[in-house]
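Heads up, start-v4.csv below (CSV, C-alpha atoms and all ligand atoms):
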```csv
chain,number,residue,atom,x,y,z
A,754,MET,CA,110.4,-80.8,-9.1
A,755,ILE,CA,109.5,-77.4,-7.6
A,756,GLU,CA,112.4,-75.3,-6.6
A,757,PRO,CA,112.4,-74.6,-2.8
A,758,LEU,CA,111.6,-71.0,-2.1
A,759,VAL,CA,114.2,-69.0,-0.1
A,760,ALA,CA,112.5,-67.9,3.1
A,761,PRO,CA,112.4,-64.1,3.5
A,762,ALA,CA,114.5,-63.0,6.5
A,763,ASP,CA,111.5,-62.1,8.7
A,764,VAL,CA,110.1,-65.7,8.7
A,765,SER,CA,113.4,-67.6,9.0
A,766,PRO,CA,113.5,-69.4,12.4
A,767,PHE,CA,115.0,-67.6,15.4
A,768,LEU,CA,118.6,-68.6,15.9
A,769,PRO,CA,119.5,-68.3,19.6
A,770,PHE,CA,123.0,-67.3,20.8
A,771,ALA,CA,123.3,-70.5,22.9
A,772,LEU,CA,121.6,-73.8,23.2
A,773,PRO,CA,122.3,-77.0,25.2
A,774,ASP,CA,123.1,-80.2,23.3
A,775,ILE,CA,121.1,-83.0,25.0
A,776,GLY,CA,120.8,-86.4,23.3
A,777,GLU,CA,119.1,-89.7,23.9
A,778,GLU,CA,122.0,-90.9,26.0
A,779,GLU,CA,121.3,-88.2,28.6
A,780,ILE,CA,117.6,-88.9,28.5
A,781,ALA,CA,118.2,-92.6,29.0
A,782,GLU,CA,120.6,-92.0,31.9
A,783,VAL,CA,118.1,-89.7,33.7
A,784,VAL,CA,115.3,-92.2,33.2
A,785,ALA,CA,117.5,-95.0,34.7
A,786,CYS,CA,118.3,-92.7,37.6
A,787,LEU,CA,114.6,-92.0,38.2
A,788,ARG,CA,113.8,-95.8,38.0
A,789,SER,CA,116.7,-96.6,40.4
A,790,GLY,CA,114.8,-95.0,43.3
A,791,TRP,CA,117.8,-92.8,44.3
A,792,VAL,CA,117.3,-89.3,42.9
A,793,THR,CA,119.4,-87.0,45.2
A,794,THR,CA,123.2,-87.0,45.8
A,795,GLY,CA,124.3,-90.6,45.6
A,796,PRO,CA,126.0,-93.2,43.3
A,797,LYS,CA,125.5,-91.2,40.1
A,798,THR,CA,127.0,-88.1,41.7
A,799,ARG,CA,129.9,-90.0,42.9
A,800,GLN,CA,130.4,-91.6,39.4
A,801,PHE,CA,130.2,-88.1,37.8
A,802,GLU,CA,132.8,-86.7,40.3
A,803,GLN,CA,135.2,-89.6,39.6
A,804,GLU,CA,134.8,-89.4,35.9
A,805,PHE,CA,135.3,-85.6,36.0
A,806,ALA,CA,138.5,-86.1,38.0
A,807,ALA,CA,139.7,-88.7,35.5
A,808,TYR,CA,138.9,-86.4,32.6
A,809,LEU,CA,141.2,-83.7,34.1
A,810,ASP,CA,143.8,-86.5,34.2
A,811,ALA,CA,145.4,-85.4,37.4
A,812,ASN,CA,145.5,-86.1,41.1
A,813,VAL,CA,142.6,-83.8,41.9
A,814,GLU,CA,139.6,-84.0,44.3
A,815,THR,CA,136.3,-83.2,42.7
A,816,VAL,CA,133.2,-82.0,44.7
A,817,SER,CA,130.0,-81.6,42.7
A,818,VAL,CA,127.6,-78.7,43.7
A,819,ASN,CA,124.3,-77.4,42.4
A,820,SER,CA,125.9,-74.3,40.7
A,821,ALA,CA,129.2,-72.7,40.2
A,822,THR,CA,128.0,-69.9,42.3
A,823,ALA,CA,127.6,-72.3,45.2
A,824,GLY,CA,131.0,-73.8,44.4
A,825,LEU,CA,132.7,-70.4,44.5
A,826,HIS,CA,131.0,-69.6,47.8
A,827,LEU,CA,132.1,-72.9,49.3
A,828,ALA,CA,135.7,-72.4,48.0
A,829,LEU,CA,136.0,-69.0,49.6
A,830,GLU,CA,134.5,-70.3,52.8
A,831,ALA,CA,136.9,-73.2,52.9
A,832,LEU,CA,139.8,-70.8,52.3
A,833,GLY,CA,138.7,-68.8,55.4
A,834,ILE,CA,137.7,-65.6,53.6
A,835,GLY,CA,135.6,-63.4,56.0
A,836,PRO,CA,134.9,-59.9,57.3
A,837,GLY,CA,137.7,-57.4,56.8
A,838,ASP,CA,139.2,-59.4,53.9
A,839,GLU,CA,139.6,-58.1,50.4
A,840,VAL,CA,139.3,-60.3,47.3
A,841,ILE,CA,140.5,-59.0,43.9
A,842,LEU,CA,138.5,-60.0,40.8
A,843,PRO,CA,137.9,-58.6,37.3
A,844,THR,CA,135.0,-56.2,36.5
A,845,MET,CA,134.5,-58.1,33.2
A,846,THR,CA,132.6,-61.0,34.7
A,847,PHE,CA,129.2,-62.3,35.8
A,848,THR,CA,127.9,-61.0,39.2
A,849,ALA,CA,128.3,-64.4,40.7
A,850,THR,CA,132.1,-64.0,40.9
A,851,ALA,CA,131.7,-61.0,43.1
A,852,GLU,CA,128.5,-61.8,45.1
A,853,VAL,CA,130.1,-64.8,46.8
A,854,VAL,CA,132.7,-62.5,48.4
A,855,ARG,CA,129.8,-60.5,49.9
A,856,TYR,CA,128.1,-63.7,51.2
A,857,LEU,CA,131.1,-64.0,53.5
A,858,GLY,CA,131.1,-60.4,54.6
A,859,ALA,CA,134.4,-59.7,52.7
A,860,GLN,CA,135.1,-56.9,50.2
A,861,PRO,CA,135.3,-57.5,46.5
A,862,VAL,CA,137.9,-55.3,44.8
A,863,LEU,CA,137.2,-54.9,41.1
A,864,VAL,CA,140.1,-54.4,38.7
A,865,ASP,CA,140.5,-53.8,35.0
A,866,VAL,CA,141.3,-56.5,32.3
A,867,GLU,CA,143.8,-57.0,29.5
A,868,PRO,CA,142.9,-55.2,26.2
A,869,ASP,CA,143.3,-58.2,23.9
A,870,THR,CA,141.9,-61.1,25.9
A,871,LEU,CA,139.7,-59.2,28.4
A,872,ASN,CA,141.2,-61.5,31.0
A,873,LEU,CA,142.2,-60.4,34.5
A,874,SER,CA,145.2,-58.1,34.3
A,875,ALA,CA,148.1,-59.2,36.6
A,876,ALA,CA,149.4,-55.6,36.6
A,877,ALA,CA,146.0,-54.4,37.8
A,878,VAL,CA,145.9,-57.0,40.5
A,879,ASP,CA,149.4,-56.0,41.6
A,880,ALA,CA,148.3,-52.4,41.9
A,881,ALA,CA,145.2,-53.3,43.9
A,882,ILE,CA,147.0,-55.4,46.6
A,883,THR,CA,146.6,-54.0,50.2
A,884,PRO,CA,147.5,-55.5,53.6
A,885,ARG,CA,143.9,-56.8,53.7
A,886,THR,CA,144.0,-58.6,50.4
A,887,LYS,CA,143.5,-62.4,51.0
A,888,ALA,CA,142.6,-63.8,47.6
A,889,VAL,CA,142.4,-63.3,43.8
A,890,ILE,CA,139.7,-64.8,41.6
A,891,ALA,CA,140.8,-65.3,38.0
A,892,VAL,CA,138.0,-65.6,35.4
A,893,HIS,CA,139.0,-67.4,32.2
A,894,TYR,CA,137.0,-65.1,29.9
A,895,ALA,CA,135.1,-66.7,27.0
A,896,GLY,CA,137.2,-69.9,27.5
A,897,LEU,CA,140.7,-68.6,27.1
A,898,ALA,CA,143.0,-69.0,30.1
A,899,CYS,CA,144.3,-66.0,32.1
A,900,ASP,CA,148.1,-65.5,32.4
A,901,MET,CA,148.2,-67.9,35.3
A,902,ASP,CA,152.0,-67.9,35.6
A,903,ALA,CA,151.9,-64.2,36.3
A,904,ILE,CA,148.9,-64.4,38.7
A,905,LEU,CA,150.2,-67.4,40.6
A,906,ALA,CA,153.7,-65.7,41.0
A,907,LEU,CA,152.1,-62.5,42.2
A,908,ALA,CA,149.9,-64.5,44.7
A,909,ALA,CA,152.9,-66.5,46.0
A,910,GLU,CA,154.9,-63.3,46.5
A,911,HIS,CA,152.1,-61.7,48.5
A,912,GLY,CA,150.8,-64.8,50.3
A,913,LEU,CA,147.4,-64.7,48.5
A,914,ARG,CA,145.0,-67.5,47.7
A,915,VAL,CA,144.0,-68.1,44.1
A,916,ILE,CA,140.6,-69.2,43.0
A,917,GLU,CA,139.8,-69.9,39.3
A,918,ASP,CA,136.3,-69.1,38.1
A,919,ALA,CA,136.4,-71.6,35.3
A,920,ALA,CA,132.7,-71.3,34.3
A,921,HIS,CA,133.9,-70.7,30.7
A,922,ALA,CA,136.9,-72.9,30.7
A,923,LEU,CA,135.9,-76.5,30.1
A,924,PRO,CA,138.1,-77.7,28.6
A,925,THR,CA,140.8,-75.0,28.4
A,926,VAL,CA,144.5,-75.8,28.1
A,927,TYR,CA,147.1,-73.4,29.5
A,928,LYS,CA,150.7,-74.1,28.5
A,929,GLY,CA,150.0,-77.8,28.0
A,930,ARG,CA,147.8,-78.4,31.1
A,931,LEU,CA,144.1,-78.3,31.6
A,932,VAL,CA,142.5,-75.6,33.7
A,933,GLY,CA,141.7,-77.4,36.9
A,934,THR,CA,145.2,-78.7,37.2
A,935,LEU,CA,147.2,-75.4,37.1
A,936,GLY,CA,148.2,-75.3,40.8
A,937,SER,CA,145.8,-72.6,42.1
A,938,ASP,CA,144.1,-73.3,45.4
A,939,VAL,CA,140.7,-74.2,43.8
A,940,THR,CA,139.0,-74.2,40.5
A,941,VAL,CA,135.2,-74.0,39.9
A,942,PHE,CA,133.4,-75.2,36.8
A,943,SER,CA,129.8,-74.4,35.8
A,944,PHE,CA,127.2,-76.7,34.2
A,945,TYR,CA,124.6,-74.0,33.7
A,946,ALA,CA,122.4,-74.6,30.6
A,947,ASN,CA,124.5,-72.4,28.2
A,948,LYS,CA,128.0,-73.6,29.3
A,949,THR,CA,130.2,-76.0,27.3
A,950,MET,CA,128.5,-78.9,29.0
A,951,THR,CA,125.4,-78.9,31.2
A,952,THR,CA,123.6,-80.7,34.0
A,953,GLY,CA,120.7,-78.1,33.8
A,954,GLU,CA,122.1,-76.4,36.8
A,955,GLY,CA,125.3,-77.6,38.5
A,956,GLY,CA,129.0,-77.0,39.2
A,957,MET,CA,132.2,-78.8,40.2
A,958,VAL,CA,134.8,-77.7,42.7
A,959,VAL,CA,138.3,-79.0,41.9
A,960,THR,CA,141.4,-78.9,44.2
A,961,ARG,CA,144.5,-80.8,45.1
A,962,ASP,CA,144.0,-79.8,48.7
A,963,ALA,CA,142.4,-82.8,50.5
A,964,ALA,CA,141.5,-80.8,53.6
A,965,LEU,CA,139.8,-78.1,51.5
A,966,ALA,CA,137.9,-80.7,49.5
A,967,ALA,CA,136.7,-82.3,52.8
A,968,ARG,CA,135.5,-78.9,54.1
A,969,VAL,CA,133.6,-78.1,50.8
A,970,ARG,CA,132.1,-81.6,50.8
A,971,MET,CA,130.8,-81.1,54.3
A,972,MET,CA,129.6,-77.5,53.9
A,973,ARG,CA,127.7,-78.3,50.7
A,974,ILE,CA,125.4,-80.5,52.8
A,975,HIS,CA,124.4,-78.7,56.1
A,976,GLY,CA,127.8,-79.1,57.8
A,977,ILE,CA,127.0,-82.7,58.4
A,978,LYS,CA,130.0,-85.0,58.7
A,979,GLN,CA,128.7,-87.8,56.4
A,980,ASP,CA,126.5,-87.4,53.4
A,981,ALA,CA,123.1,-89.1,53.1
A,982,PHE,CA,124.2,-91.8,50.8
A,983,ALA,CA,127.2,-92.7,52.9
A,984,ARG,CA,124.8,-93.0,55.9
A,985,TYR,CA,122.2,-94.9,53.9
A,986,THR,CA,124.8,-97.5,53.0
A,987,SER,CA,126.9,-97.6,56.1
A,988,THR,CA,126.9,-100.3,58.7
A,989,THR,CA,126.6,-97.9,61.6
A,990,PRO,CA,123.0,-97.1,62.6
A,991,ALA,CA,121.5,-95.0,59.7
A,992,TRP,CA,119.8,-92.4,62.0
A,993,PHE,CA,122.9,-91.0,63.5
A,994,TYR,CA,124.7,-87.9,62.1
A,995,GLU,CA,126.6,-85.0,63.5
A,996,VAL,CA,126.3,-81.3,62.5
A,997,VAL,CA,129.7,-79.7,63.0
A,998,ALA,CA,129.1,-76.3,61.3
A,999,ALA,CA,126.3,-74.1,60.0
A,1000,GLY,CA,126.5,-75.4,56.4
A,1001,PHE,CA,124.6,-74.9,53.2
A,1002,LYS,CA,122.3,-76.9,50.9
A,1003,TYR,CA,124.4,-77.0,47.7
A,1004,ASN,CA,124.6,-80.7,46.8
A,1005,LEU,CA,124.0,-81.9,43.2
A,1006,THR,CA,121.2,-84.4,42.6
A,1007,ASP,CA,121.8,-87.8,41.0
A,1008,ILE,CA,119.3,-86.7,38.3
A,1009,ALA,CA,121.5,-83.8,37.3
A,1010,ALA,CA,124.7,-85.9,37.6
A,1011,ALA,CA,123.1,-88.5,35.2
A,1012,ILE,CA,123.0,-85.7,32.6
A,1013,GLY,CA,126.6,-84.8,33.5
A,1014,VAL,CA,128.0,-88.3,33.1
A,1015,GLN,CA,126.8,-88.4,29.5
A,1016,GLN,CA,127.7,-84.8,28.6
A,1017,LEU,CA,131.2,-85.4,29.9
A,1018,ARG,CA,131.6,-88.3,27.4
A,1019,LYS,CA,130.7,-85.9,24.6
A,1020,LEU,CA,132.9,-83.0,25.8
A,1021,ASP,CA,135.8,-83.6,23.4
A,1022,ARG,CA,133.5,-83.9,20.4
A,1023,PHE,CA,131.7,-80.7,21.6
A,1024,LEU,CA,135.1,-79.0,21.7
A,1025,LEU,CA,135.9,-80.0,18.1
A,1026,ARG,CA,132.7,-78.6,16.9
A,1027,ARG,CA,133.1,-75.4,18.8
A,1028,ARG,CA,136.6,-75.0,17.4
A,1029,GLN,CA,135.3,-75.6,13.9
A,1030,LEU,CA,132.7,-72.9,14.3
A,1031,ALA,CA,135.3,-70.5,15.8
A,1032,ARG,CA,137.5,-71.1,12.6
A,1033,GLY,CA,134.4,-70.6,10.5
A,1034,TYR,CA,133.8,-67.2,12.0
A,1035,ALA,CA,137.5,-66.3,11.8
A,1036,ASP,CA,137.4,-67.0,8.0
A,1037,GLY,CA,133.9,-65.7,7.4
A,1038,LEU,CA,134.3,-62.4,9.3
A,1039,ALA,CA,137.8,-61.5,8.0
A,1040,GLY,CA,138.2,-58.1,6.6
A,1041,LEU,CA,135.3,-56.5,8.4
A,1042,PRO,CA,135.6,-53.6,10.9
A,1043,LEU,CA,135.5,-56.2,13.7
A,1044,GLN,CA,138.1,-57.3,16.3
A,1045,LEU,CA,137.7,-61.1,16.5
A,1046,PRO,CA,138.5,-62.9,19.8
A,1047,PRO,CA,142.1,-64.0,20.1
A,1048,ASP,CA,142.9,-67.7,19.7
A,1049,ALA,CA,145.0,-69.5,22.3
A,1050,PRO,CA,148.8,-69.2,22.0
A,1051,PRO,CA,150.7,-72.3,20.9
A,1052,ASN,CA,150.6,-75.2,23.4
A,1053,SER,CA,147.4,-73.8,24.8
A,1054,GLY,CA,143.7,-74.3,23.9
A,1055,HIS,CA,140.6,-72.2,23.9
A,1056,ALA,CA,137.3,-73.8,25.1
A,1057,TRP,CA,135.3,-71.4,22.8
A,1058,HIS,CA,132.4,-71.1,25.3
A,1059,LEU,CA,131.7,-67.7,23.8
A,1060,TYR,CA,132.5,-65.8,20.6
A,1061,PRO,CA,132.6,-62.1,21.5
A,1062,VAL,CA,133.4,-59.7,18.8
A,1063,ARG,CA,134.2,-56.0,19.1
A,1064,LEU,CA,133.3,-53.3,16.6
A,1065,THR,CA,136.3,-51.3,15.6
A,1066,LYS,CA,136.4,-47.5,15.0
A,1067,ALA,CA,135.9,-48.1,11.3
A,1068,ALA,CA,132.5,-49.6,11.8
A,1069,THR,CA,129.7,-47.4,10.5
A,1070,LEU,CA,127.1,-48.4,13.2
A,1071,GLY,CA,127.2,-48.8,16.9
A,1072,ARG,CA,126.9,-52.0,19.0
A,1073,ASP,CA,123.3,-51.5,20.0
A,1074,GLU,CA,122.3,-50.9,16.3
A,1075,MET,CA,124.2,-54.0,15.3
A,1076,ILE,CA,122.3,-56.1,17.9
A,1077,ALA,CA,119.0,-54.6,16.7
A,1078,ALA,CA,119.9,-55.3,13.1
A,1079,LEU,CA,120.8,-58.9,13.8
A,1080,SER,CA,117.7,-59.4,16.0
A,1081,GLN,CA,115.6,-58.1,13.0
A,1082,GLN,CA,117.1,-61.0,11.0
A,1083,ARG,CA,116.1,-63.3,13.9
A,1084,ILE,CA,119.6,-63.9,15.1
A,1085,GLY,CA,120.2,-63.9,18.9
A,1086,THR,CA,123.2,-62.2,20.4
A,1087,SER,CA,124.3,-61.3,23.9
A,1088,VAL,CA,126.9,-59.0,25.6
A,1089,HIS,CA,129.6,-60.5,27.9
A,1090,PHE,CA,129.6,-58.7,30.1
A,1091,ILE,CA,128.0,-55.5,31.3
A,1092,PRO,CA,131.0,-54.9,33.5
A,1093,LEU,CA,130.2,-55.2,37.2
A,1094,HIS,CA,131.1,-51.5,37.9
A,1095,ARG,CA,128.1,-50.5,35.7
A,1096,HIS,CA,125.5,-52.3,37.7
A,1097,PRO,CA,123.9,-50.1,40.4
A,1098,TYR,CA,124.6,-52.5,43.3
A,1099,TRP,CA,128.4,-52.8,42.6
A,1100,ARG,CA,128.8,-49.2,41.5
A,1101,ASP,CA,127.1,-47.8,44.7
A,1102,SER,CA,128.3,-50.3,47.3
A,1103,CYS,CA,131.9,-50.2,46.1
A,1104,ASN,CA,131.9,-46.6,45.1
A,1105,LEU,CA,133.0,-47.2,41.5
A,1106,SER,CA,133.2,-45.0,38.5
A,1107,PRO,CA,133.8,-46.0,34.8
A,1108,ASP,CA,137.1,-44.1,34.6
A,1109,GLN,CA,138.7,-46.6,37.0
A,1110,PHE,CA,138.2,-49.3,34.3
A,1111,PRO,CA,139.3,-47.8,30.9
A,1112,VAL,CA,139.8,-51.1,29.1
A,1113,ALA,CA,136.6,-52.8,30.3
A,1114,GLU,CA,134.7,-49.6,29.6
A,1115,ALA,CA,136.0,-49.1,26.0
A,1116,ASN,CA,135.4,-52.7,25.1
A,1117,TYR,CA,131.9,-52.9,26.7
A,1118,HIS,CA,130.6,-50.3,24.3
A,1119,SER,CA,131.8,-52.2,21.2
A,1120,MET,CA,131.2,-55.8,22.1
A,1121,LEU,CA,128.5,-58.4,21.2
A,1122,THR,CA,128.6,-62.1,21.5
A,1123,LEU,CA,127.6,-64.1,18.3
A,1124,PRO,CA,125.9,-67.5,18.4
A,1125,LEU,CA,128.2,-70.4,19.0
A,1126,TYR,CA,127.0,-73.8,20.1
A,1127,THR,CA,127.4,-77.4,19.0
A,1128,LYS,CA,123.9,-77.8,17.7
A,1129,MET,CA,124.5,-74.9,15.2
A,1130,SER,CA,124.7,-76.1,11.7
A,1131,ASP,CA,127.1,-74.8,9.0
A,1132,ALA,CA,124.1,-73.2,7.4
A,1133,ASP,CA,123.2,-71.5,10.6
A,1134,GLN,CA,126.7,-70.1,10.8
A,1135,ALA,CA,126.6,-69.0,7.2
A,1136,ARG,CA,123.4,-67.1,8.0
A,1137,VAL,CA,125.0,-65.3,10.9
A,1138,ILE,CA,128.1,-64.5,8.8
A,1139,ALA,CA,126.0,-63.2,5.9
A,1140,ALA,CA,123.9,-61.1,8.3
A,1141,VAL,CA,126.9,-59.6,10.0
A,1142,ARG,CA,128.6,-58.8,6.6
A,1143,ALA,CA,125.4,-57.2,5.3
A,1144,THR,CA,125.0,-55.1,8.5
A,1145,LEU,CA,128.6,-53.8,8.3
A,1146,SER,CA,128.9,-53.1,4.6
B,1201,LIG,C1,127.9,-68.8,34.4
B,1201,LIG,C2,128.9,-68.1,35.2
B,1201,LIG,C3,129.0,-68.3,36.6
B,1201,LIG,C4,127.9,-68.9,37.4
B,1201,LIG,O1,127.7,-70.2,37.1
B,1201,LIG,P1,126.4,-70.9,37.8
B,1201,LIG,O2,126.6,-72.4,37.6
B,1201,LIG,O3,125.2,-70.4,37.0
B,1201,LIG,O4,126.3,-70.5,39.2
B,1201,LIG,C5,130.0,-67.7,37.3
B,1201,LIG,N1,131.0,-67.0,36.7
B,1201,LIG,C6,131.0,-66.8,35.3
B,1201,LIG,C7,132.1,-66.1,34.7
B,1201,LIG,C8,129.9,-67.3,34.6
B,1201,LIG,O5,129.9,-67.1,33.3
```
Could you show the structure in this file as structure tokens?
Amino acid sequence: MIEPLVAPADVSPFLPFALPDIGEEEIAEVVACLRSGWVTTGPKTRQFEQEFAAYLDANVETVSVNSATAGLHLALEALGIGPGDEVILPTMTFTATAEVVRYLGAQPVLVDVEPDTLNLSAAAVDAAITPRTKAVIAVHYAGLACDMDAILALAAEHGLRVIEDAAHALPTVYKGRLVGTLGSDVTVFSFYANKTMTTGEGGMVVTRDAALAARVRMMRIHGIKQDAFARYTSTTPAWFYEVVAAGFKYNLTDIAAAIGVQQLRKLDRFLLRRRQLARGYADGLAGLPLQLPPDAPPNSGHAWHLYPVRLTKAATLGRDEMIAALSQQRIGTSVHFIPLHRHPYWRDSCNLSPDQFPVAEANYHSMLTLPLYTKMSDADQARVIAAVRATLS
């Protein structure tokens, strides 16, 4: 038998930093949806919403949407955010968190994050509150929950609404409870292709407030009082509907929901694999000049959407060189995030400078996100660990 040759580094396959995990179950469910003749929002969407609510295991309303961005927009709209209002959010996030505030003519107020978790700092929120502050958006960075007790207490004290951008936080446990059931006004999940479960594009708005859910449900489909499927199946004449507001076109399709129904059934298995990979990195990268992401405290759970590491002062090369070195070994990485205050639009329109965000700024220059996804094999991870070790030694 011929010994297999070890492939030289430059011909090994490219290892992306994220990949969706779609199986035959999702494919069959989509095909069944296509064959059913009902492809837009309808029975599959309803089933997905119901099963998502059941997964969170609480008395919550779930409204599916075609992205988390749409969901955040609808959530703020339903909370009455408008011109003259200020909404506090972390600079260490994706632009979607802030842009939805602009959609409504309100002012995003960017604040700094905690040094260890890179989550929204309650102290920074406190310092940024003005008489115009109406809401706070907490982003559970990488899949670890923010200090929600502190944020909710601060919000209660100042009469602020709290929105959770839970794009990374499915499933995340905070002090024994899943994100989505923590008692904020509204929580929004993302099913974008690289998130912990996907529908291609999609999102879910979760709230305990029935009136808010009704407003989101109506505004996601043109401000029409009843959705198309309800009209289609109702006993009143199918042609009749009433527009009661200038709404949006943010509904999820049944084709996408079909993927979601099957992904949701795999979510706990996905989490176990992500957790295994996170442990693999914690062991494999120990002793290097790297600050590894903090695990969740006892009685809480990390969703491990991302595995961002930070080079320490002892590292002999910079972040950009590290990314280039890994790329040369055909390993994909990313950076989460280029803080919003560094993007021209936010910098200029909010008049921001880096010295206002010392924690985000210091960490931005040293961070990179390593590959972590359920389809990654142990051998894939060993390759990443070996490449990181070689680069840093
Ligand atoms: C992915 C992401 C979003 C946007 O989600 P979409 O479903 O793509 O709209 C919002 N906030 C954060 C923090 C994200 O990572």
(message) What residues of the protein or nucleic acid chains come within 10 Å of ligand LIG 1201 (chain B) when you use all atoms listed in the file? Reply as a PyMOL selection string.
(response) chain A and resi 818-826+843+845-853+891-896+917-922+941-948+951-957+1058-1059+1089-1090
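Each of A:Leu923, A:Ala963, A:Leu1064, A:Ile834 was checked against Phe1023 in chain A using all atoms listed in the file; the smallest atom-to-atom distance is that of A:Leu923.
Distances to Asp900 in chain A were evaluated for A:Ser1053, A:Thr1065, A:Gln1015, A:Thr986 using all atoms listed in the file, and the minimum falls at A:Ser1053.
Straight-line separation from CA of Val784 in chain A to CA of Val958 in chain A: 26.1 Å.
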(request) Find the residue from A:Ala964, A:Leu1043, A:Ala1010, A:Leu1093 that sits nearest to Thr794 in chain A; use all atoms listed in the file when measuring. (result) A:Ala1010
(request) Record the distance separating CA of Pro1050 in chain A and CA of Phe805 in chain A, expressed in Å with one decimal. (result) 25.4 Å
(request) Rank nothing, just name the residue among A:Val862, A:Val1014, A:Val840, A:Ile974 nearest to Leu913 in chain A, using only C-alpha atoms. (result) A:Val840
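CA of Thr870 in chain A is positioned 15.7 Å from CA of His1118 in chain A.
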So that I can see what lies close to Cys1103 in chain A, please list as a short mmCIF file (atom, residue, chain, number, x, y, z; two decimals) with C-alpha atoms, in the frame of the given file the residues with an atom at most 12 Å from it, counting only C-alpha atoms and leaving out residues fewer than 6 positions away in the same chain.
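What landed in out.cif:
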```cif
data_model
loop_
_atom_site.label_atom_id
_atom_site.label_comp_id
_atom_site.auth_asym_id
_atom_site.auth_seq_id
_atom_site.Cartn_x
_atom_site.Cartn_y
_atom_site.Cartn_z
CA GLU A 839 139.60 -58.10 50.40
CA THR A 844 135.00 -56.20 36.50
CA ALA A 851 131.70 -61.00 43.10
CA ARG A 855 129.80 -60.50 49.90
CA ALA A 859 134.40 -59.70 52.70
CA GLN A 860 135.10 -56.90 50.20
CA PRO A 861 135.30 -57.50 46.50
CA VAL A 862 137.90 -55.30 44.80
CA LEU A 863 137.20 -54.90 41.10
CA VAL A 864 140.10 -54.40 38.70
CA LEU A 1093 130.20 -55.20 37.20
CA HIS A 1094 131.10 -51.50 37.90
CA ARG A 1095 128.10 -50.50 35.70
CA HIS A 1096 125.50 -52.30 37.70
CA PRO A 1097 123.90 -50.10 40.40
CA GLN A 1109 138.70 -46.60 37.00
#
```
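Take the candidates A:Pro884, A:Val889, A:Leu873, A:Ala1067 and check each one against Val854 in chain A using all atoms listed in the file; the shortest distance goes to A:Val889.
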(request) Identify, on the basis of all atoms listed in the file, every residue whose closest approach to Val878 in chain A does not exceed 7 Å; exclude the query and any residue fewer than 3 positions from it along the same chain; express the result as a count of residues only. (result) 6
(request) Please provide as a PyMOL selection string all residues within 8 Å of Asp1048 in chain A, with the sequence filter that same-chain residues fewer than 4 positions apart are discarded (counting all atoms listed in the file). (result) chain A and resi 897+1054-1055
(message) Within 9 Å of (144.2, -78.8, 37.4) in the file's own coordinates, which protein, DNA or RNA residues have an atom, counting only C-alpha atoms? List them as an MDAnalysis selection string.
(response) chainID A and resid 809:813 930:937 939:940 959:961
